[in-house]
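Visitor: Got a structure for you, written out below as structure tokens; questions coming shortly.
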Amino acid sequence: MSLSMKPLADRVLIAPAAAEEKTKSGIIIPDTAKEKPQRGEVVAVGEGKVADNGTTIKPQVSVGDQVLYGKYAGTEITLDGQDYLIMRESDILAVL
């Protein structure tokens, strides 16, 4: 996938996973009751955060990583008809 977008500094572009359609017991969840996903795949990563002394701190995540993030983290954007989240690396909770 080639994107024409490159996040700046310590920001990360994430493609969120699809919301669950059914519960584990097979009950279909209506659109109004679906929860926002809290996991996704890293699509693009910025160069890293610049420290006070001028050095660049490289990001700990890389393109292709599956990550967990906070429920209301990031800003939702749409590029080429696809929904993405852009957030600071510090908003990512874990790499799966």
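Ligands are numbered from 1 in the order shown, residues from 1 within each chain, and chains are lettered A, B, ... in the order they appear in the structure tokens.
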Range 16-18 of chain A: which residues within 7 Å, counting only C-alpha atoms, same-chain residues fewer than 2 positions away excluded, as JSON, numbers by chain?

Guide: {"A": [14, 20, 37, 39, 40, 41, 84]}

Visitor: Please write the residues from the selection above to a file, keeping all heavy atoms, as an mmCIF file, in the first residue's frame.

Guide:
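What follows is the written file part_22.cif:
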data_model
loop_
_atom_site.group_PDB
_atom_site.id
_atom_site.type_symbol
_atom_site.label_atom_id
_atom_site.label_comp_id
_atom_site.auth_asym_id
_atom_site.auth_seq_id
_atom_site.Cartn_x
_atom_site.Cartn_y
_atom_site.Cartn_z
ATOM 1 N N ILE A 14 -2.577 4.890 11.609
ATOM 2 C CA ILE A 14 -3.056 3.538 11.913
ATOM 3 C C ILE A 14 -4.340 3.255 11.153
ATOM 4 O O ILE A 14 -5.239 4.093 11.108
ATOM 5 C CB ILE A 14 -3.306 3.385 13.426
ATOM 6 C CG1 ILE A 14 -1.988 3.529 14.180
ATOM 7 C CG2 ILE A 14 -3.973 2.058 13.747
ATOM 8 C CD1 ILE A 14 -2.104 3.494 15.662
ATOM 9 N N GLU A 20 -16.425 -5.440 15.617
ATOM 10 C CA GLU A 20 -16.998 -6.780 15.708
ATOM 11 C C GLU A 20 -18.434 -6.786 15.195
ATOM 12 O O GLU A 20 -19.234 -5.936 15.569
ATOM 13 C CB GLU A 20 -16.966 -7.275 17.159
ATOM 14 C CG GLU A 20 -15.566 -7.492 17.689
ATOM 15 C CD GLU A 20 -14.844 -8.629 17.018
ATOM 16 O OE1 GLU A 20 -15.489 -9.644 16.675
ATOM 17 O OE2 GLU A 20 -13.627 -8.514 16.822
ATOM 18 N N PRO A 37 -13.153 0.114 17.572
ATOM 19 C CA PRO A 37 -12.041 -0.820 17.776
ATOM 20 C C PRO A 37 -10.892 -0.142 18.501
ATOM 21 O O PRO A 37 -10.713 1.069 18.401
ATOM 22 C CB PRO A 37 -11.650 -1.211 16.351
ATOM 23 C CG PRO A 37 -12.154 -0.111 15.495
ATOM 24 C CD PRO A 37 -13.359 0.443 16.179
ATOM 25 N N ARG A 39 -7.737 -1.636 18.321
ATOM 26 C CA ARG A 39 -6.537 -2.228 17.756
ATOM 27 C C ARG A 39 -6.493 -1.907 16.280
ATOM 28 O O ARG A 39 -7.510 -1.617 15.665
ATOM 29 C CB ARG A 39 -6.486 -3.725 18.014
ATOM 30 C CG ARG A 39 -7.522 -4.517 17.252
ATOM 31 C CD ARG A 39 -7.553 -5.975 17.589
ATOM 32 N NE ARG A 39 -6.270 -6.600 17.321
ATOM 33 C CZ ARG A 39 -5.968 -7.833 17.653
ATOM 34 N NH1 ARG A 39 -6.855 -8.580 18.250
ATOM 35 N NH2 ARG A 39 -4.798 -8.343 17.371
ATOM 36 N N GLY A 40 -5.299 -1.938 15.735
ATOM 37 C CA GLY A 40 -5.149 -1.642 14.327
ATOM 38 C C GLY A 40 -3.735 -1.925 13.865
ATOM 39 O O GLY A 40 -2.898 -2.408 14.627
ATOM 40 N N GLU A 41 -3.490 -1.616 12.593
ATOM 41 C CA GLU A 41 -2.186 -1.861 11.994
ATOM 42 C C GLU A 41 -1.523 -0.526 11.657
ATOM 43 O O GLU A 41 -2.152 0.364 11.092
ATOM 44 C CB GLU A 41 -2.336 -2.686 10.713
ATOM 45 C CG GLU A 41 -1.028 -2.975 10.036
ATOM 46 C CD GLU A 41 -1.191 -3.812 8.785
ATOM 47 O OE1 GLU A 41 -2.310 -4.272 8.504
ATOM 48 O OE2 GLU A 41 -0.190 -3.986 8.081
ATOM 49 N N TYR A 84 -8.659 6.158 8.694
ATOM 50 C CA TYR A 84 -7.416 5.998 9.438
ATOM 51 C C TYR A 84 -7.493 6.806 10.721
ATOM 52 O O TYR A 84 -8.334 7.685 10.874
ATOM 53 C CB TYR A 84 -6.214 6.506 8.628
ATOM 54 C CG TYR A 84 -5.932 5.740 7.369
ATOM 55 C CD1 TYR A 84 -6.359 6.213 6.142
ATOM 56 C CD2 TYR A 84 -5.230 4.547 7.406
ATOM 57 C CE1 TYR A 84 -6.098 5.517 4.974
ATOM 58 C CE2 TYR A 84 -4.965 3.844 6.257
ATOM 59 C CZ TYR A 84 -5.400 4.329 5.042
ATOM 60 O OH TYR A 84 -5.148 3.633 3.891
#

Visitor: For Arg88 in chain A, list every protein, DNA or RNA residue within 8 Å, evaluated using only C-alpha atoms, and leave out those in the same chain fewer than 6 positions away; present the list as a list in words.

Guide: Asp10, Arg11, Val12 and Gly74 of chain A

Visitor: Which residues are close to range 6-8 of chain A, i.e. within 12 Å by only C-alpha atoms, leaving aside same-chain residues fewer than 6 positions away? Reply as an MDAnalysis selection string.

Guide: chainID A and resid 14 42:50 59 63 85:89

Visitor: Using Å and a single decimal, report how far CA of Met5 in chain A sits from CA of Glu76 in chain A.

Guide: 14.2 Å

Visitor: With a distance cut-off of 7 Å and only C-alpha atoms, select the neighbouring residues of Asp91 in chain A, excluding the residue or stretch itself and same-chain residues fewer than 4 positions from it, and output the selection as a PyMOL selection string.

Guide: chain A and resi 69-70+73+87

Visitor: Identify which of the residues A:Ser90, A:Ile27, A:Leu96, A:Asn53 lies closest to Asp65 in chain A, counting only C-alpha atoms when measuring atom-to-atom distances.

Guide: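 Closest candidate: A:Leu96.
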
Visitor: For Leu79 in chain A, which residue out of A:Ala15, A:Ile57, A:Ile28, A:Val67 is the nearest one, using only C-alpha atoms?

Guide: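 Checking each of A:Ala15, A:Ile57, A:Ile28, A:Val67 against Leu79 in chain A, counting only C-alpha atoms, the winner is A:Ala15.
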